[in-house]
Amino acid sequence: MVGTRFSKVRVATGPQLHYAESGQGNGDPLLFLHGWPDSWFTFSRVLPLLPTDVRALAFDQRGYGESDRPDSTYSIPELAADVAAFLDALEIERATLVGHSFGSFVARQAAIANPDRFNALVLIGTGFAATNPVLQDLQKSLRDLPDPIPESFAREFQASTAYRPLPPEFFERLIVESLKLPPRLWKLLIDQLRNYDDARDLVRIQIPTLLLWGERDVLFSRAEQDGFLAAFPSATLKVYEETGHCPNWERPDDVATDIGAFCGNRSISL
């Protein structure tokens with residue numbers, strides 16, 4: 001991918017993490033955390049559109065993509081610890097953190113656990129909690145999946161999360177990246193997400209926070225956005241019309257613009 005560099009780094013929490021990087025090496029760091037069952041590639045349409053003075057980093061979380069798959073519990077706090085360890089390994093003191101879907105919960109936990117490491121927080125397609133009926137149904141559907149995961153299942157799930165048409169080559173690569181996740185982790189990671197509850201800890205996040213949400217999101221509803229805002233009234237919500245769960249796939253220009261504006265001004269026009 002033109003303008004994007006790839007590398008791996010061993011972090012103090014154990015795994016070797018594969019990551020993509022774009023922008024200036026000495027620019028303000030912006031760290032992206034992908035969703036389930038994705039990889040860094042979920043942000044591949046956004047990275048080239050960010051301001052060139054931003055140092056954008058997107059790593060494959062443990063178990064995903066080209067990163068290590070250690071024996072571990074894969075809990076949200078464990079994944080969040082990898083975030084701080086990744087910054088340490090790259091000698092980055094502070095960054096703005098962007099999380100999509102599953103990655104938004106990891107980002108929230110990282111901000112709660114290490115408040116001094118982050119300048120701001122951007123949550124794309126997040127929810128107030130991971131206990132809603134949609135995720136409950138997803139958890140049930142994973143119980144009897146065979147090994148290997150059927151490509152048809154990955155294709156159906158990924159297609160269901162987007163509302164706007166996607167470039168065919170981009171969608172096909174999403175499926176390839178999804179199937180890199182080992183079958184046992186498809187189930188375990190959703191179980192861990194469903195077990196995670198940070199509702200009482202959201203008040204500990206004291207940094208500027210932006211929610212980016214598509215009005216056609218099939219995983220997390222507008223009511224969940226409002227629930228998040230009620231618990232965390234200092235956050236700002238930007239709604240994308242006629243957009244599904246993945247604005248970073250569906251509206252990369254808008255997402256890059258809004259993140260760039262938020263990082264530069266800590267506010268955007270709603």
# chains A, B, ... in the order shown; residues from 1 in each chain; ligands from 1
call {"tool": "residues_around", "arguments": {"residues": "range 4-18 of chain A", "least_positions_apart": "3", "cutoff": "12 Å", "atoms": "only C-alpha atoms", "output": "PyMOL selection string"}}
result
chain A and resi 1+21-25+39-41+43-50+52+55-72+74+77-91
call {"tool": "atom_distance", "arguments": {"atom1": "CA of Pro165 in chain A", "atom2": "CA of Trp186 in chain A"}}
result
25.3 Å
call {"tool": "closest_atom_pairs", "arguments": {"of": "range 213-262 of chain A", "to": "range 146-159 of chain A", "cutoff": "12 Å", "atoms": "only C-alpha atoms", "output": "CSV"}}
result
residue,atom,partner,partner_atom,distance
A:Val218,CA,A:Phe157,CA,11.0
A:Leu219,CA,A:Phe157,CA,11.1
A:Gly244,CA,A:Ala159,CA,10.2
A:His245,CA,A:Gln158,CA,10.0
A:Cys246,CA,A:Gln158,CA,9.7
A:Trp249,CA,A:Gln158,CA,10.9
A:Glu250,CA,A:Ala159,CA,11.6
call {"tool": "atom_distance", "arguments": {"atom1": "CA of Asp226 in chain A", "atom2": "CA of Leu166 in chain A"}}
result
28.1 Å
call {"tool": "closest_residue", "arguments": {"among": "A:Arg94, A:Arg143, A:His34, A:Arg108", "to": "Tyr19 in chain A", "atoms": "only C-alpha atoms"}}
result
A:His34
call {"tool": "select_by_dssp", "arguments": {"residues": "range 115-260 of chain A", "states": "alpha helix (DSSP H)", "output": "NGL selection string"}}
result
:A and (133-142 or 151-161 or 168-178 or 183-195 or 222-231 or 247-250 or 252-260)
call {"tool": "residues_around", "arguments": {"residues": "Gln109 in chain A", "least_positions_apart": "3", "cutoff": "9 Å", "atoms": "only C-alpha atoms", "output": "ChimeraX atom specification"}}
result
/A:76-77,79-81,104-106,112-114,198,201-202
call {"tool": "write_last_selection", "arguments": {"atoms": "C-alpha atoms", "output": "PDB file, in the first residue's frame"}}
result
ATOM      1  CA  ILE A  76     -10.098  -6.819  27.313  1.00  0.00           C
ATOM      2  CA  PRO A  77      -7.708  -5.648  30.090  1.00  0.00           C
ATOM      3  CA  LEU A  79      -5.473  -6.485  25.179  1.00  0.00           C
ATOM      4  CA  ALA A  80      -5.485  -2.967  26.637  1.00  0.00           C
ATOM      5  CA  ALA A  81      -2.158  -3.692  28.355  1.00  0.00           C
ATOM      6  CA  SER A 104     -13.395   0.682  20.935  1.00  0.00           C
ATOM      7  CA  PHE A 105     -13.847  -1.309  24.143  1.00  0.00           C
ATOM      8  CA  VAL A 106     -10.120  -2.074  24.235  1.00  0.00           C
ATOM      9  CA  ILE A 112      -9.105   3.960  31.969  1.00  0.00           C
ATOM     10  CA  ALA A 113      -5.994   1.987  32.945  1.00  0.00           C
ATOM     11  CA  ASN A 114      -3.407   4.454  31.635  1.00  0.00           C
ATOM     12  CA  ASP A 198     -16.692  -0.591  32.131  1.00  0.00           C
ATOM     13  CA  ASP A 201     -15.367   3.370  35.113  1.00  0.00           C
ATOM     14  CA  LEU A 202     -16.225   5.632  32.173  1.00  0.00           C
TER      15      LEU A 202
END
call {"tool": "closest_residue", "arguments": {"among": "A:Ala256, A:Ala111, A:Glu177, A:Leu210", "to": "Pro37 in chain A", "atoms": "only C-alpha atoms"}}
result
A:Glu177
call {"tool": "atom_distance", "arguments": {"atom1": "CA of Pro167 in chain A", "atom2": "CA of Asp253 in chain A"}}
result
14.2 Å
call {"tool": "closest_residue", "arguments": {"among": "A:Val203, A:Leu212, A:Ile124, A:Cys263", "to": "Phe102 in chain A", "atoms": "only C-alpha atoms"}}
result
A:Ile124
call {"tool": "residues_around", "arguments": {"residues": "Arg200 in chain A", "least_positions_apart": "3", "cutoff": "12 Å", "atoms": "only C-alpha atoms", "output": "list in words"}}
result
Gln109, Ile112, Phe128, Ala129, Tyr196, Asp197, Val203, Arg204, Ile205, Phe228, Ala231 and Phe232 of chain A
call {"tool": "select_by_dssp", "arguments": {"residues": "range 10-168 of chain A", "states": "strand (DSSP E or B)", "output": "VMD selection string"}}
result
chain A and resid 10 16 to 22 28 to 33 54 to 59 95 to 100 118 to 124
call {"tool": "write_last_selection", "arguments": {"atoms": "C-alpha atoms", "output": "PDB file, in the first residue's frame"}}
result
ATOM      1  CA  ARG A  10       8.054  -7.348  20.483  1.00  0.00           C
ATOM      2  CA  GLN A  16       5.212  -9.681  18.736  1.00  0.00           C
ATOM      3  CA  LEU A  17       2.791  -7.233  17.136  1.00  0.00           C
ATOM      4  CA  HIS A  18       2.563  -6.480  13.427  1.00  0.00           C
ATOM      5  CA  TYR A  19       1.710  -2.891  12.577  1.00  0.00           C
ATOM      6  CA  ALA A  20       1.175  -0.446   9.727  1.00  0.00           C
ATOM      7  CA  GLU A  21       2.471   3.114   9.874  1.00  0.00           C
ATOM      8  CA  SER A  22       1.904   6.191   7.730  1.00  0.00           C
ATOM      9  CA  ASP A  28       1.570  13.644  16.559  1.00  0.00           C
ATOM     10  CA  PRO A  29       0.924   9.910  17.145  1.00  0.00           C
ATOM     11  CA  LEU A  30      -2.503   8.489  16.334  1.00  0.00           C
ATOM     12  CA  LEU A  31      -3.015   4.828  17.290  1.00  0.00           C
ATOM     13  CA  PHE A  32      -5.806   2.740  15.710  1.00  0.00           C
ATOM     14  CA  LEU A  33      -7.349  -0.421  17.236  1.00  0.00           C
ATOM     15  CA  VAL A  54       0.072  12.887  11.799  1.00  0.00           C
ATOM     16  CA  ARG A  55       2.001   9.721  12.619  1.00  0.00           C
ATOM     17  CA  ALA A  56      -0.680   7.062  12.170  1.00  0.00           C
ATOM     18  CA  LEU A  57      -0.141   3.578  13.593  1.00  0.00           C
ATOM     19  CA  ALA A  58      -2.475   0.586  13.335  1.00  0.00           C
ATOM     20  CA  PHE A  59      -1.426  -2.730  14.847  1.00  0.00           C
ATOM     21  CA  ALA A  95      -1.011   9.355  21.635  1.00  0.00           C
ATOM     22  CA  THR A  96      -4.572   9.869  20.493  1.00  0.00           C
ATOM     23  CA  LEU A  97      -6.368   6.520  20.521  1.00  0.00           C
ATOM     24  CA  VAL A  98      -8.939   5.427  17.912  1.00  0.00           C
ATOM     25  CA  GLY A  99     -10.917   2.210  18.377  1.00  0.00           C
ATOM     26  CA  HIS A 100     -13.508   0.604  16.115  1.00  0.00           C
ATOM     27  CA  PHE A 118      -3.541   9.456  25.833  1.00  0.00           C
ATOM     28  CA  ASN A 119      -4.397  12.930  24.573  1.00  0.00           C
ATOM     29  CA  ALA A 120      -7.852  12.102  23.222  1.00  0.00           C
ATOM     30  CA  LEU A 121     -10.135   9.192  22.389  1.00  0.00           C
ATOM     31  CA  VAL A 122     -12.120   8.450  19.217  1.00  0.00           C
ATOM     32  CA  LEU A 123     -14.640   5.591  19.380  1.00  0.00           C
ATOM     33  CA  ILE A 124     -16.114   4.356  16.083  1.00  0.00           C
TER      34      ILE A 124
END
call {"tool": "residues_around", "arguments": {"residues": "Arg194 in chain A", "least_positions_apart": "3", "cutoff": "10 Å", "atoms": "only C-alpha atoms", "output": "mmCIF file with all heavy atoms, in the first residue's frame"}}
result
data_model
loop_
_atom_site.group_PDB
_atom_site.id
_atom_site.type_symbol
_atom_site.label_atom_id
_atom_site.label_comp_id
_atom_site.auth_asym_id
_atom_site.auth_seq_id
_atom_site.Cartn_x
_atom_site.Cartn_y
_atom_site.Cartn_z
ATOM 1 N N ILE A 76 -10.215 -8.213 27.736
ATOM 2 C CA ILE A 76 -10.098 -6.819 27.313
ATOM 3 C C ILE A 76 -8.977 -6.105 28.076
ATOM 4 O O ILE A 76 -8.172 -5.390 27.462
ATOM 5 C CB ILE A 76 -11.450 -6.084 27.481
ATOM 6 C CG1 ILE A 76 -12.539 -6.758 26.626
ATOM 7 C CG2 ILE A 76 -11.312 -4.616 27.093
ATOM 8 C CD1 ILE A 76 -12.281 -6.749 25.133
ATOM 9 N N ALA A 129 -22.630 -0.828 26.268
ATOM 10 C CA ALA A 129 -22.230 -2.097 26.872
ATOM 11 C C ALA A 129 -22.224 -3.174 25.793
ATOM 12 O O ALA A 129 -22.791 -2.999 24.720
ATOM 13 C CB ALA A 129 -23.175 -2.470 28.003
ATOM 14 N N ALA A 130 -21.556 -4.294 26.110
ATOM 15 C CA ALA A 130 -21.452 -5.389 25.144
ATOM 16 C C ALA A 130 -22.429 -6.511 25.474
ATOM 17 O O ALA A 130 -22.198 -7.666 25.135
ATOM 18 C CB ALA A 130 -20.025 -5.922 25.118
ATOM 19 N N THR A 131 -23.519 -6.155 26.116
ATOM 20 C CA THR A 131 -24.479 -7.167 26.565
ATOM 21 C C THR A 131 -25.791 -7.102 25.798
ATOM 22 O O THR A 131 -26.796 -7.675 26.237
ATOM 23 C CB THR A 131 -24.760 -6.993 28.068
ATOM 24 O OG1 THR A 131 -25.177 -5.645 28.323
ATOM 25 C CG2 THR A 131 -23.517 -7.295 28.895
ATOM 26 N N ASN A 132 -25.812 -6.410 24.672
ATOM 27 C CA ASN A 132 -27.084 -6.244 23.957
ATOM 28 C C ASN A 132 -27.494 -7.540 23.250
ATOM 29 O O ASN A 132 -26.687 -8.458 23.070
ATOM 30 C CB ASN A 132 -27.007 -5.052 22.994
ATOM 31 C CG ASN A 132 -26.044 -5.279 21.840
ATOM 32 O OD1 ASN A 132 -25.860 -6.398 21.371
ATOM 33 N ND2 ASN A 132 -25.430 -4.214 21.359
ATOM 34 N N LEU A 135 -25.279 -8.887 20.137
ATOM 35 C CA LEU A 135 -24.047 -9.592 20.484
ATOM 36 C C LEU A 135 -24.337 -10.922 21.168
ATOM 37 O O LEU A 135 -23.572 -11.877 21.024
ATOM 38 C CB LEU A 135 -23.169 -8.712 21.371
ATOM 39 C CG LEU A 135 -22.494 -7.544 20.662
ATOM 40 C CD1 LEU A 135 -21.634 -6.757 21.638
ATOM 41 C CD2 LEU A 135 -21.637 -8.020 19.495
ATOM 42 N N GLN A 136 -25.446 -10.996 21.893
ATOM 43 C CA GLN A 136 -25.845 -12.270 22.496
ATOM 44 C C GLN A 136 -26.141 -13.298 21.405
ATOM 45 O O GLN A 136 -25.710 -14.463 21.493
ATOM 46 C CB GLN A 136 -27.066 -12.071 23.383
ATOM 47 C CG GLN A 136 -27.510 -13.343 24.106
ATOM 48 C CD GLN A 136 -28.707 -13.095 25.007
ATOM 49 O OE1 GLN A 136 -29.446 -12.133 24.829
ATOM 50 N NE2 GLN A 136 -28.896 -13.957 25.982
ATOM 51 N N GLN A 139 -22.877 -14.393 19.814
ATOM 52 C CA GLN A 139 -22.180 -15.335 20.689
ATOM 53 C C GLN A 139 -22.760 -16.743 20.536
ATOM 54 O O GLN A 139 -22.014 -17.738 20.438
ATOM 55 C CB GLN A 139 -22.297 -14.861 22.134
ATOM 56 C CG GLN A 139 -21.502 -15.684 23.139
ATOM 57 C CD GLN A 139 -21.683 -15.143 24.555
ATOM 58 O OE1 GLN A 139 -22.781 -14.754 24.946
ATOM 59 N NE2 GLN A 139 -20.608 -15.118 25.328
ATOM 60 N N LEU A 188 -13.699 -17.135 21.687
ATOM 61 C CA LEU A 188 -13.164 -16.644 22.952
ATOM 62 C C LEU A 188 -13.209 -15.121 23.044
ATOM 63 O O LEU A 188 -13.568 -14.556 24.091
ATOM 64 C CB LEU A 188 -11.721 -17.134 23.126
ATOM 65 C CG LEU A 188 -10.987 -16.646 24.381
ATOM 66 C CD1 LEU A 188 -11.730 -17.061 25.643
ATOM 67 C CD2 LEU A 188 -9.552 -17.168 24.395
ATOM 68 N N LEU A 189 -12.856 -14.430 21.968
ATOM 69 C CA LEU A 189 -12.813 -12.972 22.004
ATOM 70 C C LEU A 189 -14.203 -12.362 22.194
ATOM 71 O O LEU A 189 -14.352 -11.368 22.906
ATOM 72 C CB LEU A 189 -12.143 -12.435 20.739
ATOM 73 C CG LEU A 189 -10.618 -12.612 20.724
ATOM 74 C CD1 LEU A 189 -10.067 -12.549 19.306
ATOM 75 C CD2 LEU A 189 -9.949 -11.559 21.605
ATOM 76 N N ILE A 190 -15.208 -12.954 21.568
ATOM 77 C CA ILE A 190 -16.573 -12.451 21.785
ATOM 78 C C ILE A 190 -17.036 -12.764 23.201
ATOM 79 O O ILE A 190 -17.712 -11.943 23.853
ATOM 80 C CB ILE A 190 -17.542 -13.031 20.740
ATOM 81 C CG1 ILE A 190 -17.229 -12.454 19.355
ATOM 82 C CG2 ILE A 190 -18.994 -12.724 21.115
ATOM 83 C CD1 ILE A 190 -17.359 -10.935 19.253
ATOM 84 N N ASP A 191 -16.663 -13.928 23.727
ATOM 85 C CA ASP A 191 -16.988 -14.235 25.122
ATOM 86 C C ASP A 191 -16.365 -13.192 26.054
ATOM 87 O O ASP A 191 -17.028 -12.713 26.989
ATOM 88 C CB ASP A 191 -16.463 -15.622 25.502
ATOM 89 C CG ASP A 191 -17.260 -16.756 24.861
ATOM 90 O OD1 ASP A 191 -18.373 -16.496 24.373
ATOM 91 O OD2 ASP A 191 -16.748 -17.897 24.863
ATOM 92 N N ASP A 197 -17.247 -5.096 31.345
ATOM 93 C CA ASP A 197 -18.199 -4.058 31.770
ATOM 94 C C ASP A 197 -17.416 -2.893 32.355
ATOM 95 O O ASP A 197 -16.813 -3.007 33.429
ATOM 96 C CB ASP A 197 -19.171 -4.620 32.801
ATOM 97 C CG ASP A 197 -20.217 -3.601 33.252
ATOM 98 O OD1 ASP A 197 -20.235 -2.487 32.691
ATOM 99 O OD2 ASP A 197 -20.996 -3.926 34.175
#
call {"tool": "decode", "arguments": {"residues": "range 120-172 of chain A", "atoms": "C-alpha atoms", "output": "PDB file, in the first residue's frame"}}
result
ATOM      1  CA  ALA A 120      -7.852  12.102  23.222  1.00  0.00           C
ATOM      2  CA  LEU A 121     -10.135   9.192  22.389  1.00  0.00           C
ATOM      3  CA  VAL A 122     -12.120   8.450  19.217  1.00  0.00           C
ATOM      4  CA  LEU A 123     -14.640   5.591  19.380  1.00  0.00           C
ATOM      5  CA  ILE A 124     -16.114   4.356  16.083  1.00  0.00           C
ATOM      6  CA  GLY A 125     -19.200   2.153  16.239  1.00  0.00           C
ATOM      7  CA  THR A 126     -19.044   1.685  19.987  1.00  0.00           C
ATOM      8  CA  GLY A 127     -21.817   0.768  22.401  1.00  0.00           C
ATOM      9  CA  PHE A 128     -22.625   1.595  25.975  1.00  0.00           C
ATOM     10  CA  ALA A 129     -22.230  -2.097  26.872  1.00  0.00           C
ATOM     11  CA  ALA A 130     -21.452  -5.389  25.144  1.00  0.00           C
ATOM     12  CA  THR A 131     -24.479  -7.167  26.565  1.00  0.00           C
ATOM     13  CA  ASN A 132     -27.084  -6.244  23.957  1.00  0.00           C
ATOM     14  CA  PRO A 133     -29.247  -8.881  22.195  1.00  0.00           C
ATOM     15  CA  VAL A 134     -27.346  -8.589  18.892  1.00  0.00           C
ATOM     16  CA  LEU A 135     -24.047  -9.592  20.484  1.00  0.00           C
ATOM     17  CA  GLN A 136     -25.845 -12.270  22.496  1.00  0.00           C
ATOM     18  CA  ASP A 137     -27.145 -13.788  19.243  1.00  0.00           C
ATOM     19  CA  LEU A 138     -23.673 -13.546  17.696  1.00  0.00           C
ATOM     20  CA  GLN A 139     -22.180 -15.335  20.689  1.00  0.00           C
ATOM     21  CA  LYS A 140     -24.716 -18.147  20.309  1.00  0.00           C
ATOM     22  CA  SER A 141     -24.053 -18.481  16.572  1.00  0.00           C
ATOM     23  CA  LEU A 142     -20.342 -19.052  17.236  1.00  0.00           C
ATOM     24  CA  ARG A 143     -20.824 -22.017  19.570  1.00  0.00           C
ATOM     25  CA  ASP A 144     -21.240 -24.630  16.874  1.00  0.00           C
ATOM     26  CA  LEU A 145     -18.971 -23.219  14.177  1.00  0.00           C
ATOM     27  CA  PRO A 146     -16.610 -25.808  12.677  1.00  0.00           C
ATOM     28  CA  ASP A 147     -12.834 -25.576  12.413  1.00  0.00           C
ATOM     29  CA  PRO A 148     -11.837 -24.015  10.071  1.00  0.00           C
ATOM     30  CA  ILE A 149     -14.322 -21.139  10.130  1.00  0.00           C
ATOM     31  CA  PRO A 150     -16.445 -21.318   6.948  1.00  0.00           C
ATOM     32  CA  GLU A 151     -15.642 -18.497   4.567  1.00  0.00           C
ATOM     33  CA  SER A 152     -19.397 -18.086   4.042  1.00  0.00           C
ATOM     34  CA  PHE A 153     -19.828 -17.217   7.733  1.00  0.00           C
ATOM     35  CA  ALA A 154     -17.078 -14.590   7.638  1.00  0.00           C
ATOM     36  CA  ARG A 155     -18.482 -13.158   4.417  1.00  0.00           C
ATOM     37  CA  GLU A 156     -22.042 -12.978   5.757  1.00  0.00           C
ATOM     38  CA  PHE A 157     -20.997 -11.353   9.022  1.00  0.00           C
ATOM     39  CA  GLN A 158     -18.766  -8.718   7.454  1.00  0.00           C
ATOM     40  CA  ALA A 159     -21.356  -7.877   4.788  1.00  0.00           C
ATOM     41  CA  SER A 160     -24.036  -7.454   7.472  1.00  0.00           C
ATOM     42  CA  THR A 161     -22.074  -4.732   9.261  1.00  0.00           C
ATOM     43  CA  ALA A 162     -21.833  -2.352   6.289  1.00  0.00           C
ATOM     44  CA  TYR A 163     -24.753  -0.399   4.821  1.00  0.00           C
ATOM     45  CA  ARG A 164     -23.046   1.459   1.978  1.00  0.00           C
ATOM     46  CA  PRO A 165     -21.465  -0.440  -0.958  1.00  0.00           C
ATOM     47  CA  LEU A 166     -17.779  -1.244  -0.566  1.00  0.00           C
ATOM     48  CA  PRO A 167     -15.110  -1.619  -3.266  1.00  0.00           C
ATOM     49  CA  PRO A 168     -15.064  -5.356  -4.154  1.00  0.00           C
ATOM     50  CA  GLU A 169     -11.295  -5.705  -3.785  1.00  0.00           C
ATOM     51  CA  PHE A 170     -11.424  -4.074  -0.350  1.00  0.00           C
ATOM     52  CA  PHE A 171     -14.219  -6.370   0.826  1.00  0.00           C
ATOM     53  CA  GLU A 172     -12.420  -9.482  -0.418  1.00  0.00           C
TER      54      GLU A 172
END
